[in-house]
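So this block is coords_4.cif, mmCIF, C-alpha atoms and all ligand atoms:
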data_query
loop_
_atom_site.label_atom_id
_atom_site.label_comp_id
_atom_site.auth_asym_id
_atom_site.auth_seq_id
_atom_site.Cartn_x
_atom_site.Cartn_y
_atom_site.Cartn_z
CA MET A 12 -23.90 -0.22 -2.49
CA LYS A 13 -26.18 2.86 -2.95
CA ASN A 14 -26.94 5.62 -0.46
CA LYS A 15 -30.13 7.66 -0.04
CA SER A 16 -29.31 9.83 -3.07
CA GLY A 17 -29.20 6.65 -5.18
CA LYS A 18 -25.48 7.16 -5.87
CA SER A 19 -23.12 4.21 -5.64
CA LEU A 20 -20.08 4.35 -3.36
CA TYR A 21 -17.89 4.82 -6.41
CA GLU A 22 -20.01 7.69 -7.78
CA ARG A 23 -19.80 9.40 -4.41
CA LEU A 24 -16.03 8.93 -4.31
CA ILE A 25 -15.63 10.35 -7.79
CA VAL A 26 -17.12 13.55 -6.41
CA LYS A 27 -15.08 13.40 -3.21
CA PHE A 28 -11.73 12.80 -4.88
CA GLY A 29 -12.47 14.72 -8.08
CA LEU A 30 -11.64 11.68 -10.20
CA GLY A 31 -12.52 11.76 -13.84
CA LYS A 32 -11.43 15.35 -14.39
CA LYS A 33 -9.18 15.10 -17.40
CA LYS A 34 -6.32 17.36 -16.39
CA ARG A 35 -6.50 16.87 -12.64
CA LYS A 36 -3.42 18.12 -10.80
CA LEU A 37 -1.89 15.34 -8.77
CA PRO A 38 -0.21 16.18 -5.48
CA GLY A 39 3.57 16.23 -5.87
CA ILE A 40 3.67 15.59 -9.63
CA GLU A 41 4.02 18.27 -12.30
CA GLN A 42 3.00 16.02 -15.17
CA ILE A 43 1.89 12.44 -15.79
CA TYR A 44 3.53 10.61 -18.73
CA PRO A 45 1.91 7.69 -20.58
CA ASP A 46 4.56 5.18 -19.44
CA ASP A 47 4.34 6.11 -15.74
CA VAL A 48 3.66 3.22 -13.38
CA PHE A 49 2.22 3.81 -9.91
CA ILE A 50 2.76 1.52 -6.95
CA CYS A 51 -0.18 2.24 -4.75
CA SER A 52 -1.87 1.20 -1.51
CA TYR A 53 -3.63 2.38 1.59
CA PRO A 54 -0.83 2.96 4.18
CA LYS A 55 0.76 -0.06 5.92
CA SER A 56 -0.45 -2.58 3.36
CA GLY A 57 2.97 -3.85 2.21
CA ASN A 58 3.81 -1.07 -0.23
CA THR A 59 7.53 -1.15 0.64
CA TRP A 60 7.68 -4.90 0.07
CA LEU A 61 6.03 -4.47 -3.34
CA ARG A 62 8.35 -1.58 -4.25
CA ILE A 63 11.39 -3.69 -3.42
CA ILE A 64 10.08 -6.62 -5.46
CA VAL A 65 9.45 -4.37 -8.47
CA ALA A 66 12.92 -2.87 -8.11
CA LYS A 67 14.50 -6.34 -7.83
CA ILE A 68 12.68 -7.48 -11.00
CA LEU A 69 14.16 -4.49 -12.83
CA TYR A 70 17.61 -4.49 -11.18
CA PRO A 71 18.29 -8.06 -10.01
CA ASN A 72 21.97 -7.39 -9.30
CA ARG A 73 21.49 -4.37 -7.08
CA GLU A 74 21.17 -4.48 -3.28
CA ILE A 75 17.88 -2.72 -2.63
CA HIS A 76 16.68 -1.66 0.79
CA LEU A 77 14.64 0.94 2.63
CA GLY A 78 17.47 3.46 2.40
CA ASN A 79 17.80 3.44 -1.41
CA ILE A 80 14.37 2.31 -2.67
CA ASP A 81 13.50 5.89 -3.67
CA GLU A 82 16.15 5.68 -6.42
CA PHE A 83 14.20 2.88 -8.12
CA VAL A 84 10.57 3.40 -7.14
CA HIS A 85 10.24 7.07 -6.37
CA GLY A 86 8.20 8.12 -3.33
CA LEU A 87 5.72 10.83 -4.26
CA PHE A 88 7.05 13.17 -1.60
CA SER A 89 10.37 11.62 -0.54
CA ALA A 90 11.65 11.66 -4.15
CA GLN A 91 9.66 14.54 -5.60
CA ASP A 92 12.61 16.23 -7.32
CA ARG A 93 13.67 12.97 -8.92
CA ILE A 94 10.11 12.38 -10.20
CA ASN A 95 9.78 15.84 -11.67
CA SER A 96 13.19 15.82 -13.34
CA LYS A 97 12.47 12.59 -15.27
CA PHE A 98 10.38 12.28 -18.41
CA GLU A 99 10.24 8.52 -18.84
CA ASN A 100 10.73 5.23 -17.01
CA ARG A 101 9.17 6.53 -13.83
CA ILE A 102 7.82 4.16 -11.22
CA ILE A 103 6.13 6.17 -8.51
CA LYS A 104 4.87 5.22 -5.08
CA SER A 105 1.65 6.95 -4.15
CA HIS A 106 -1.04 6.44 -1.53
CA TYR A 107 -3.54 8.62 -3.41
CA PRO A 108 -6.30 6.52 -5.02
CA TYR A 109 -6.41 8.51 -8.29
CA PHE A 110 -6.27 5.40 -10.44
CA GLU A 111 -8.16 6.95 -13.33
CA SER A 112 -5.31 9.41 -13.75
CA TYR A 113 -2.54 6.80 -13.43
CA PRO A 114 -1.61 5.11 -16.74
CA LYS A 115 -0.73 1.87 -14.91
CA THR A 116 -1.11 0.92 -11.28
CA ILE A 117 0.04 -1.98 -9.17
CA TYR A 118 -2.12 -1.90 -6.06
CA ILE A 119 -1.38 -3.88 -2.91
CA TYR A 120 -4.02 -4.48 -0.24
CA ARG A 121 -3.96 -6.21 3.12
CA ASP A 122 -6.48 -7.37 5.73
CA TYR A 123 -7.67 -4.13 7.31
CA ARG A 124 -7.41 -5.57 10.80
CA ASP A 125 -3.66 -6.12 10.32
CA VAL A 126 -3.33 -2.74 8.62
CA LEU A 127 -4.81 -1.13 11.73
CA ILE A 128 -2.26 -2.77 14.00
CA SER A 129 0.64 -1.90 11.74
CA TYR A 130 -0.56 1.71 11.30
CA TYR A 131 -1.10 2.09 15.04
CA HIS A 132 2.48 1.03 15.86
CA TYR A 133 3.86 3.17 13.05
CA LYS A 134 2.07 6.34 14.18
CA LYS A 135 2.76 5.63 17.83
CA SER A 136 6.50 5.22 17.13
CA LEU A 137 6.57 8.52 15.24
CA GLY A 138 4.72 10.29 18.05
CA GLU A 139 1.77 11.02 15.73
CA PHE A 140 -0.72 9.23 18.00
CA SER A 141 -0.66 8.88 21.75
CA GLY A 142 -3.73 6.77 22.61
CA ASP A 143 -4.11 3.00 22.75
CA LEU A 144 -5.04 0.58 19.97
CA SER A 145 -8.77 0.64 20.84
CA GLU A 146 -8.82 4.40 20.51
CA PHE A 147 -6.82 4.31 17.30
CA ILE A 148 -9.18 1.97 15.41
CA ARG A 149 -12.10 4.30 16.19
CA ASP A 150 -10.27 7.49 15.22
CA ASN A 151 -11.47 8.44 11.74
CA GLU A 152 -9.24 11.46 11.56
CA GLN A 153 -6.14 9.25 11.93
CA LEU A 154 -7.48 6.67 9.48
CA GLU A 155 -9.12 8.75 6.74
CA ILE A 156 -6.86 11.73 6.25
CA PRO A 157 -5.54 12.45 3.65
CA TYR A 158 -6.14 9.34 1.52
CA GLY A 159 -9.73 8.37 2.44
CA GLY A 160 -10.55 5.32 4.57
CA TRP A 161 -9.36 1.79 3.78
CA ALA A 162 -12.75 0.50 2.54
CA LYS A 163 -13.16 3.39 0.10
CA HIS A 164 -9.56 3.16 -1.05
CA LEU A 165 -9.82 -0.53 -1.91
CA SER A 166 -13.32 -0.11 -3.40
CA ILE A 167 -12.02 2.50 -5.85
CA ALA A 168 -9.17 0.15 -6.85
CA ARG A 169 -11.62 -2.73 -7.37
CA GLN A 170 -13.90 -0.47 -9.39
CA GLN A 171 -10.97 0.58 -11.57
CA LYS A 172 -10.21 -3.12 -12.15
CA GLU A 173 -13.79 -3.64 -13.31
CA SER A 174 -13.93 -0.64 -15.61
CA ASN A 175 -10.37 -0.77 -17.01
CA PRO A 176 -8.84 -4.16 -16.15
CA ASN A 177 -5.60 -3.63 -18.07
CA SER A 178 -4.77 -0.45 -16.17
CA ILE A 179 -4.42 -1.99 -12.71
CA LEU A 180 -3.01 -5.12 -11.10
CA LEU A 181 -4.34 -5.99 -7.65
CA ILE A 182 -1.97 -7.88 -5.35
CA LYS A 183 -3.06 -9.22 -1.98
CA TYR A 184 -0.43 -8.98 0.80
CA GLU A 185 -1.49 -12.40 2.09
CA ASP A 186 -1.02 -13.93 -1.41
CA LEU A 187 2.45 -12.46 -1.58
CA HIS A 188 3.19 -14.43 1.61
CA LEU A 189 1.62 -17.64 0.30
CA HIS A 190 2.46 -17.59 -3.42
CA PRO A 191 5.34 -15.18 -3.98
CA LYS A 192 6.49 -16.78 -7.26
CA GLU A 193 3.07 -16.46 -8.90
CA CYS A 194 2.71 -12.86 -7.71
CA ILE A 195 6.16 -11.89 -9.00
CA LYS A 196 5.44 -13.47 -12.39
CA GLU A 197 2.15 -11.55 -12.56
CA ILE A 198 3.91 -8.30 -11.71
CA ALA A 199 6.55 -8.86 -14.42
CA SER A 200 3.87 -9.65 -17.04
CA PHE A 201 1.83 -6.61 -16.06
CA LEU A 202 4.93 -4.44 -16.52
CA GLY A 203 5.53 -5.99 -19.95
CA LEU A 204 8.85 -7.48 -18.79
CA PRO A 205 10.31 -10.93 -19.50
CA GLN A 206 9.78 -13.48 -16.74
CA PRO A 207 12.54 -13.01 -14.12
CA LYS A 208 15.17 -15.75 -14.21
CA ARG A 209 16.19 -15.72 -10.55
CA LEU A 210 12.85 -15.84 -8.79
CA ASP A 211 14.26 -17.43 -5.65
CA ASP A 212 16.81 -14.62 -5.29
CA ILE A 213 14.12 -11.97 -5.71
CA ILE A 214 12.06 -13.67 -3.01
CA SER A 215 14.91 -14.02 -0.54
CA GLU A 216 16.35 -10.54 -1.18
CA SER A 217 12.97 -8.92 -0.63
CA SER A 218 12.06 -11.08 2.36
CA PHE A 219 11.15 -9.56 5.70
CA ASN A 220 14.20 -10.99 7.47
CA HIS A 221 16.61 -9.85 4.78
CA LEU A 222 15.19 -6.31 4.77
CA LYS A 223 15.10 -6.13 8.55
CA ASN A 224 18.73 -7.26 8.74
CA LEU A 225 19.70 -4.57 6.24
CA GLU A 226 17.81 -2.01 8.31
CA THR A 227 19.77 -3.15 11.37
CA SER A 228 23.14 -2.92 9.62
CA LEU A 229 22.56 0.16 7.44
CA GLY A 230 20.07 2.06 9.58
CA SER A 231 17.05 3.96 8.24
CA GLU A 232 15.44 7.36 8.64
CA PHE A 233 12.62 5.65 10.54
CA LYS A 234 15.03 3.91 12.92
CA LYS A 235 16.94 7.15 13.45
CA ARG A 236 13.75 8.98 14.40
CA THR A 237 12.07 6.27 16.47
CA GLN A 238 14.78 3.80 17.61
CA LYS A 239 12.42 1.14 16.21
CA HIS A 240 12.48 -0.97 13.06
CA PHE A 241 10.27 -0.05 10.11
CA PHE A 242 10.17 -3.80 9.44
CA ARG A 243 8.17 -4.59 12.56
CA LYS A 244 6.55 -8.05 12.30
CA GLY A 245 5.53 -8.62 8.68
CA ILE A 246 2.97 -11.32 9.39
CA THR A 247 -0.66 -12.14 8.58
CA ASN A 248 -3.56 -12.57 11.02
CA ASP A 249 -1.79 -10.62 13.77
CA TRP A 250 -5.15 -9.05 14.65
CA LYS A 251 -6.48 -12.32 16.02
CA SER A 252 -4.13 -12.12 19.00
CA GLU A 253 -3.79 -8.32 19.27
CA PHE A 254 -7.42 -7.13 19.46
CA SER A 255 -9.64 -7.39 22.54
CA LYS A 256 -13.04 -9.05 22.17
CA GLU A 257 -14.68 -5.60 22.40
CA ASP A 258 -12.55 -4.31 19.54
CA ILE A 259 -13.37 -7.32 17.36
CA ASP A 260 -17.09 -6.89 18.15
CA TRP A 261 -16.88 -3.20 17.32
CA LEU A 262 -15.15 -3.92 14.00
CA GLN A 263 -17.83 -6.50 13.14
CA GLU A 264 -20.35 -3.69 13.30
CA GLN A 265 -18.49 -1.52 10.77
CA HIS A 266 -20.59 -2.68 7.83
CA GLU A 267 -18.77 -0.97 5.00
CA ILE A 268 -15.42 -2.35 6.20
CA MET A 269 -16.82 -5.84 6.74
CA SER A 270 -18.45 -5.84 3.33
CA VAL A 271 -15.20 -4.84 1.57
CA LEU A 272 -13.23 -7.42 3.61
CA LEU A 273 -15.69 -10.11 2.56
CA ASP A 274 -15.71 -9.03 -1.10
CA SER A 275 -11.90 -9.13 -1.06
CA GLY A 276 -11.80 -12.73 0.15
CA TYR A 277 -11.18 -12.25 3.87
CA ALA A 278 -13.04 -14.33 6.43
CA ILE A 279 -15.02 -12.14 8.83
P1 LIG B 1 3.92 -4.66 10.18
O1 LIG B 1 3.89 -3.35 10.86
O2 LIG B 1 2.69 -5.47 10.43
O3 LIG B 1 5.16 -5.44 10.46
P2 LIG B 1 4.03 -0.24 4.08
O4 LIG B 1 5.31 -0.53 3.40
O5 LIG B 1 2.85 -0.19 3.15
O6 LIG B 1 4.15 0.94 4.99
O7 LIG B 1 3.70 -1.50 5.01
C1 LIG B 1 4.50 -1.80 6.11
C2 LIG B 1 4.13 -3.18 6.61
O8 LIG B 1 4.58 -4.17 5.66
C3 LIG B 1 4.79 -3.51 7.93
O9 LIG B 1 3.90 -4.40 8.61
C4 LIG B 1 6.06 -4.21 7.44
O10 LIG B 1 6.71 -5.00 8.41
C5 LIG B 1 5.46 -5.06 6.33
N1 LIG B 1 6.49 -5.55 5.40
C6 LIG B 1 7.48 -4.83 4.82
N2 LIG B 1 8.28 -5.63 4.10
C7 LIG B 1 7.78 -6.88 4.23
C8 LIG B 1 8.20 -8.16 3.73
N3 LIG B 1 9.27 -8.30 2.97
N4 LIG B 1 7.45 -9.24 4.08
C9 LIG B 1 6.36 -9.10 4.85
N5 LIG B 1 5.93 -7.94 5.37
C10 LIG B 1 6.64 -6.83 5.06
#

Before anything else, please render the file you have as structure tokens.
Ligand code: A3P
Amino acid sequence: MKNKSGKSLYERLIVKFGLGKKKRKLPGIEQIYPDDVFICSYPKSGNTWLRIIVAKILYPNREIHLGNIDEFVHGLFSAQDRINSKFENRIIKSHYPYFESYPKTIYIYRDYRDVLISYYHYKKSLGEFSGDLSEFIRDNEQLEIPYGGWAKHLSIARQQKESNPNSILLIKYEDLHLHPKECIKEIASFLGLPQPKRLDDIISESSFNHLKNLETSLGSEFKKRTQKHFFRKGITNDWKSEFSKEDIDWLQEQHEIMSVLLDSGYAI
């Protein structure tokens, strides 16, 4: 996809995000080490689910939940001190699409239409947005700051896969629902780990219901602040019943988004 200047989307994003600069300073991180692994996504794409799966592959006997996940897969901002005091074995959660600077990335993506609904409820619960869903999906400031929009985010990840396939593993949220065993095996291989022995336990202990029950019994920062669960619905194709016809028609006209949805295997 080229614009008037003849530059591809990726070339334009390189300029926008400053990718490709050798010693780029990453937000929140003092230094990148060659064995660092990044767990990355556009917001509300299933990042927490993926983090918990990765942590369960590494620590199958530990109870892992929203309240302690930062110990295992460190949030860029929520576990900044932990990240910067370690020199090896770091697995870091980041929403920034700086894949060229990340030695290894596991990237999770989800149907944008479901991302929008999830993000809307999340921001609404936190008091960060006060309009309705129709307003939210049209609000570029809410959706593009500070990580770039969804279509660009996923396009950069796909481009990284093309140019350096061994550096990034792409996982589709909907595939994790449909084929969790295959996805978990892929994740373990990508991390250079032996195949996990207790796949069924990893699946059940990272399942939506299990994590939501733990959030109910143990609480969470999110629940404390909002009186709502972080684990809201955890389903696919929610958009089909949540959006009005006008919203669906409007989304159909967002060509860049539709083109990335189509290229990523979603029916439009
Ligand atoms: P919903 O708001 O649609 O329920 P992130 O972790 O990237 O912020 O994404 C949060 C979304 O992933 C929420 O979506 C959340 O419920 C969903 N999610 C978290 N854990 C999940 C799991 N184990 N299975 C399915 N969906 C999960």

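The environment of Ala90 in chain A within 10 Å, counting all atoms listed in the file and disregarding residues fewer than 3 places along the same chain, consists of A:Gly39, A:Ile80, A:Asp81, A:Glu82, A:Phe83, A:Val84, A:His85, A:Gly86, A:Leu87, A:Arg93, A:Ile94, A:Asn95, A:Ile103, A:Lys104.
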
*Once you count only C-alpha atoms and all ligand atoms, which residues end up within 8 Å of ligand LIG 1 (chain B), and could you hand them over as a PyMOL selection string?*
chain A and resi 52-61+125-126+128-130+132-133+184+188+217-222+241-247+249

*Nearest to Leu272 in chain A: which of A:Asp47, A:Glu232, A:Asp122, A:Glu74 is it, counting all atoms listed in the file?*
A:Asp122

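When CA of Ile102 in chain A is paired with CA of Val48 in chain A, their separation reads 4.8 Å.
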
*In Å, how far is it from CA of Trp250 in chain A to CA of Tyr123 in chain A?*
9.2 Å

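Across the model, the gap from CA of Ala66 in chain A to CA of Lys223 in chain A is 17.1 Å.
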
*Which of A:Val271, A:Val65, A:Leu127, A:Ala168 sits closest to Asn151 in chain A [using all atoms listed in the file]*: A:Leu127

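The smallest atom-to-atom distance between Gln206 in chain A and any of A:Ser89, A:Cys194, A:Tyr44, A:Arg73, using all atoms listed in the file, is found for A:Cys194.
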
*Which polymer residues have any atom within 12 Å of an atom of Phe140 in chain A, counting only C-alpha atoms, with same-chain residues fewer than 6 positions away left out, as a VMD selection string?*
chain A and resid 130 to 134 146 to 148 150 152 to 154

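Counting all atoms listed in the file and comparing A:His240, A:Lys196, A:Lys135, A:Arg62, the residue that lies closest to Ser105 in chain A is A:Arg62.
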
*From A:Leu180, A:Leu229, A:Leu189, A:Leu210, residue lying nearest Thr116 in chain A [only C-alpha atoms]*: A:Leu180

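Comparing the minimum interatomic distances between Lys183 in chain A and each of A:Pro38, A:Pro157, A:Pro114, A:Gly276, counting all atoms listed in the file, we find that A:Gly276 sits nearest.
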
_Polymer residues at most 12 Å from Ala162 in chain A, all atoms listed in the file, same-chain spacing of 3 or more positions, as a VMD selection string_ = chain A and resid 20 to 21 24 52 to 53 108 120 to 124 126 154 to 155 158 to 159 165 to 169 265 to 275

*Within 12 Å of Glu264 in chain A, counting all atoms listed in the file, which residues qualify if same-chain residues fewer than 6 places away don't, as JSON, numbers by chain?*
{"A": [149, 257, 258, 270, 279]}

Kindly write C-alpha atoms of range 114-233 of chain A from the structure just given to a file, as a PDB file, in the first residue's frame.
ATOM      1  CA  PRO A 114      15.383  -9.490  20.050  1.00  0.00           C
ATOM      2  CA  LYS A 115      12.312 -11.760  20.152  1.00  0.00           C
ATOM      3  CA  THR A 116       8.629 -10.914  20.109  1.00  0.00           C
ATOM      4  CA  ILE A 117       5.458 -12.894  20.613  1.00  0.00           C
ATOM      5  CA  TYR A 118       2.689 -10.766  19.156  1.00  0.00           C
ATOM      6  CA  ILE A 119      -1.006 -11.389  19.751  1.00  0.00           C
ATOM      7  CA  TYR A 120      -3.686  -9.833  17.555  1.00  0.00           C
ATOM      8  CA  ARG A 121      -7.469  -9.915  17.632  1.00  0.00           C
ATOM      9  CA  ASP A 122     -10.348  -8.903  15.360  1.00  0.00           C
ATOM     10  CA  TYR A 123     -10.332  -5.112  15.558  1.00  0.00           C
ATOM     11  CA  ARG A 124     -14.097  -4.974  15.927  1.00  0.00           C
ATOM     12  CA  ASP A 125     -13.875  -6.988  19.169  1.00  0.00           C
ATOM     13  CA  VAL A 126     -10.838  -4.983  20.272  1.00  0.00           C
ATOM     14  CA  LEU A 127     -12.922  -1.819  19.928  1.00  0.00           C
ATOM     15  CA  ILE A 128     -15.652  -3.177  22.176  1.00  0.00           C
ATOM     16  CA  SER A 129     -13.210  -4.429  24.767  1.00  0.00           C
ATOM     17  CA  TYR A 130     -11.223  -1.156  24.727  1.00  0.00           C
ATOM     18  CA  TYR A 131     -14.408   0.891  24.981  1.00  0.00           C
ATOM     19  CA  HIS A 132     -15.573  -0.946  28.122  1.00  0.00           C
ATOM     20  CA  TYR A 133     -12.085  -0.820  29.613  1.00  0.00           C
ATOM     21  CA  LYS A 134     -11.707   2.951  29.149  1.00  0.00           C
ATOM     22  CA  LYS A 135     -15.279   3.605  30.193  1.00  0.00           C
ATOM     23  CA  SER A 136     -14.796   1.622  33.424  1.00  0.00           C
ATOM     24  CA  LEU A 137     -11.632   3.575  34.218  1.00  0.00           C
ATOM     25  CA  GLY A 138     -13.378   6.884  33.540  1.00  0.00           C
ATOM     26  CA  GLU A 139     -11.011   7.606  30.628  1.00  0.00           C
ATOM     27  CA  PHE A 140     -13.868   7.945  28.124  1.00  0.00           C
ATOM     28  CA  SER A 141     -17.387   9.173  28.712  1.00  0.00           C
ATOM     29  CA  GLY A 142     -19.129   8.884  25.318  1.00  0.00           C
ATOM     30  CA  ASP A 143     -20.935   5.922  23.788  1.00  0.00           C
ATOM     31  CA  LEU A 144     -19.535   3.084  21.669  1.00  0.00           C
ATOM     32  CA  SER A 145     -20.333   4.844  18.364  1.00  0.00           C
ATOM     33  CA  GLU A 146     -18.355   7.875  19.457  1.00  0.00           C
ATOM     34  CA  PHE A 147     -15.504   5.753  20.743  1.00  0.00           C
ATOM     35  CA  ILE A 148     -14.878   3.873  17.483  1.00  0.00           C
ATOM     36  CA  ARG A 149     -14.573   7.202  15.635  1.00  0.00           C
ATOM     37  CA  ASP A 150     -12.263   8.808  18.196  1.00  0.00           C
ATOM     38  CA  ASN A 151      -8.738   8.593  16.787  1.00  0.00           C
ATOM     39  CA  GLU A 152      -7.210  10.239  19.801  1.00  0.00           C
ATOM     40  CA  GLN A 153      -8.485   7.424  22.044  1.00  0.00           C
ATOM     41  CA  LEU A 154      -7.460   4.750  19.553  1.00  0.00           C
ATOM     42  CA  GLU A 155      -4.100   5.945  18.221  1.00  0.00           C
ATOM     43  CA  ILE A 156      -2.302   7.421  21.198  1.00  0.00           C
ATOM     44  CA  PRO A 157       0.358   6.473  22.214  1.00  0.00           C
ATOM     45  CA  TYR A 158       0.872   3.217  20.294  1.00  0.00           C
ATOM     46  CA  GLY A 159      -0.430   4.078  16.796  1.00  0.00           C
ATOM     47  CA  GLY A 160      -3.698   2.706  15.422  1.00  0.00           C
ATOM     48  CA  TRP A 161      -4.554  -1.000  15.267  1.00  0.00           C
ATOM     49  CA  ALA A 162      -4.050  -1.366  11.490  1.00  0.00           C
ATOM     50  CA  LYS A 163      -0.592   0.196  11.607  1.00  0.00           C
ATOM     51  CA  HIS A 164       0.381  -1.778  14.697  1.00  0.00           C
ATOM     52  CA  LEU A 165      -0.500  -5.123  13.122  1.00  0.00           C
ATOM     53  CA  SER A 166       0.983  -4.118   9.745  1.00  0.00           C
ATOM     54  CA  ILE A 167       4.350  -3.414  11.368  1.00  0.00           C
ATOM     55  CA  ALA A 168       4.233  -6.819  13.108  1.00  0.00           C
ATOM     56  CA  ARG A 169       3.391  -8.561   9.815  1.00  0.00           C
ATOM     57  CA  GLN A 170       6.180  -6.676   8.067  1.00  0.00           C
ATOM     58  CA  GLN A 171       8.633  -7.757  10.760  1.00  0.00           C
ATOM     59  CA  LYS A 172       7.504 -11.362  10.184  1.00  0.00           C
ATOM     60  CA  GLU A 173       8.277 -10.976   6.484  1.00  0.00           C
ATOM     61  CA  SER A 174      11.666  -9.362   6.921  1.00  0.00           C
ATOM     62  CA  ASN A 175      12.901 -11.336   9.959  1.00  0.00           C
ATOM     63  CA  PRO A 176      10.643 -14.381  10.451  1.00  0.00           C
ATOM     64  CA  ASN A 177      12.625 -15.899  13.314  1.00  0.00           C
ATOM     65  CA  SER A 178      12.356 -12.759  15.421  1.00  0.00           C
ATOM     66  CA  ILE A 179       8.578 -12.743  15.854  1.00  0.00           C
ATOM     67  CA  LEU A 180       5.753 -15.210  16.444  1.00  0.00           C
ATOM     68  CA  LEU A 181       2.263 -14.039  15.512  1.00  0.00           C
ATOM     69  CA  ILE A 182      -0.606 -15.524  17.508  1.00  0.00           C
ATOM     70  CA  LYS A 183      -4.232 -14.861  16.639  1.00  0.00           C
ATOM     71  CA  TYR A 184      -6.584 -14.468  19.643  1.00  0.00           C
ATOM     72  CA  GLU A 185      -9.276 -16.413  17.786  1.00  0.00           C
ATOM     73  CA  ASP A 186      -6.826 -19.303  17.131  1.00  0.00           C
ATOM     74  CA  LEU A 187      -5.974 -19.406  20.810  1.00  0.00           C
ATOM     75  CA  HIS A 188      -9.705 -20.004  21.409  1.00  0.00           C
ATOM     76  CA  LEU A 189      -9.974 -22.661  18.700  1.00  0.00           C
ATOM     77  CA  HIS A 190      -6.611 -24.450  18.863  1.00  0.00           C
ATOM     78  CA  PRO A 191      -5.007 -23.716  22.226  1.00  0.00           C
ATOM     79  CA  LYS A 192      -2.770 -26.816  22.221  1.00  0.00           C
ATOM     80  CA  GLU A 193      -1.200 -25.989  18.855  1.00  0.00           C
ATOM     81  CA  CYS A 194      -0.669 -22.356  19.873  1.00  0.00           C
ATOM     82  CA  ILE A 195       0.961 -23.325  23.180  1.00  0.00           C
ATOM     83  CA  LYS A 196       3.284 -25.779  21.431  1.00  0.00           C
ATOM     84  CA  GLU A 197       4.253 -23.056  18.943  1.00  0.00           C
ATOM     85  CA  ILE A 198       4.965 -20.625  21.769  1.00  0.00           C
ATOM     86  CA  ALA A 199       7.168 -23.162  23.592  1.00  0.00           C
ATOM     87  CA  SER A 200       9.125 -23.938  20.394  1.00  0.00           C
ATOM     88  CA  PHE A 201       9.581 -20.253  19.633  1.00  0.00           C
ATOM     89  CA  LEU A 202      11.005 -19.748  23.134  1.00  0.00           C
ATOM     90  CA  GLY A 203      13.388 -22.677  22.610  1.00  0.00           C
ATOM     91  CA  LEU A 204      11.721 -24.642  25.434  1.00  0.00           C
ATOM     92  CA  PRO A 205      10.835 -28.348  25.563  1.00  0.00           C
ATOM     93  CA  GLN A 206       7.218 -29.153  24.734  1.00  0.00           C
ATOM     94  CA  PRO A 207       5.118 -28.682  27.903  1.00  0.00           C
ATOM     95  CA  LYS A 208       4.004 -31.967  29.458  1.00  0.00           C
ATOM     96  CA  ARG A 209       0.753 -30.797  31.043  1.00  0.00           C
ATOM     97  CA  LEU A 210      -0.909 -28.965  28.188  1.00  0.00           C
ATOM     98  CA  ASP A 211      -4.422 -29.515  29.537  1.00  0.00           C
ATOM     99  CA  ASP A 212      -3.455 -27.941  32.868  1.00  0.00           C
ATOM    100  CA  ILE A 213      -1.930 -24.921  31.141  1.00  0.00           C
ATOM    101  CA  ILE A 214      -5.127 -24.482  29.136  1.00  0.00           C
ATOM    102  CA  SER A 215      -7.465 -24.790  32.106  1.00  0.00           C
ATOM    103  CA  GLU A 216      -5.329 -22.668  34.447  1.00  0.00           C
ATOM    104  CA  SER A 217      -5.134 -19.860  31.905  1.00  0.00           C
ATOM    105  CA  SER A 218      -8.785 -20.109  30.881  1.00  0.00           C
ATOM    106  CA  PHE A 219     -11.101 -17.131  31.083  1.00  0.00           C
ATOM    107  CA  ASN A 220     -13.295 -18.701  33.775  1.00  0.00           C
ATOM    108  CA  HIS A 221     -10.348 -19.725  35.928  1.00  0.00           C
ATOM    109  CA  LEU A 222      -8.779 -16.255  35.730  1.00  0.00           C
ATOM    110  CA  LYS A 223     -12.084 -14.511  36.351  1.00  0.00           C
ATOM    111  CA  ASN A 224     -12.719 -16.696  39.402  1.00  0.00           C
ATOM    112  CA  LEU A 225      -9.268 -15.825  40.741  1.00  0.00           C
ATOM    113  CA  GLU A 226     -10.001 -12.149  40.152  1.00  0.00           C
ATOM    114  CA  THR A 227     -13.226 -12.561  42.138  1.00  0.00           C
ATOM    115  CA  SER A 228     -11.523 -14.303  45.050  1.00  0.00           C
ATOM    116  CA  LEU A 229      -8.200 -12.413  45.127  1.00  0.00           C
ATOM    117  CA  GLY A 230      -9.298  -9.042  43.777  1.00  0.00           C
ATOM    118  CA  SER A 231      -7.289  -6.917  41.341  1.00  0.00           C
ATOM    119  CA  GLU A 232      -6.146  -3.325  40.993  1.00  0.00           C
ATOM    120  CA  PHE A 233      -8.643  -2.947  38.143  1.00  0.00           C
TER     121      PHE A 233
END
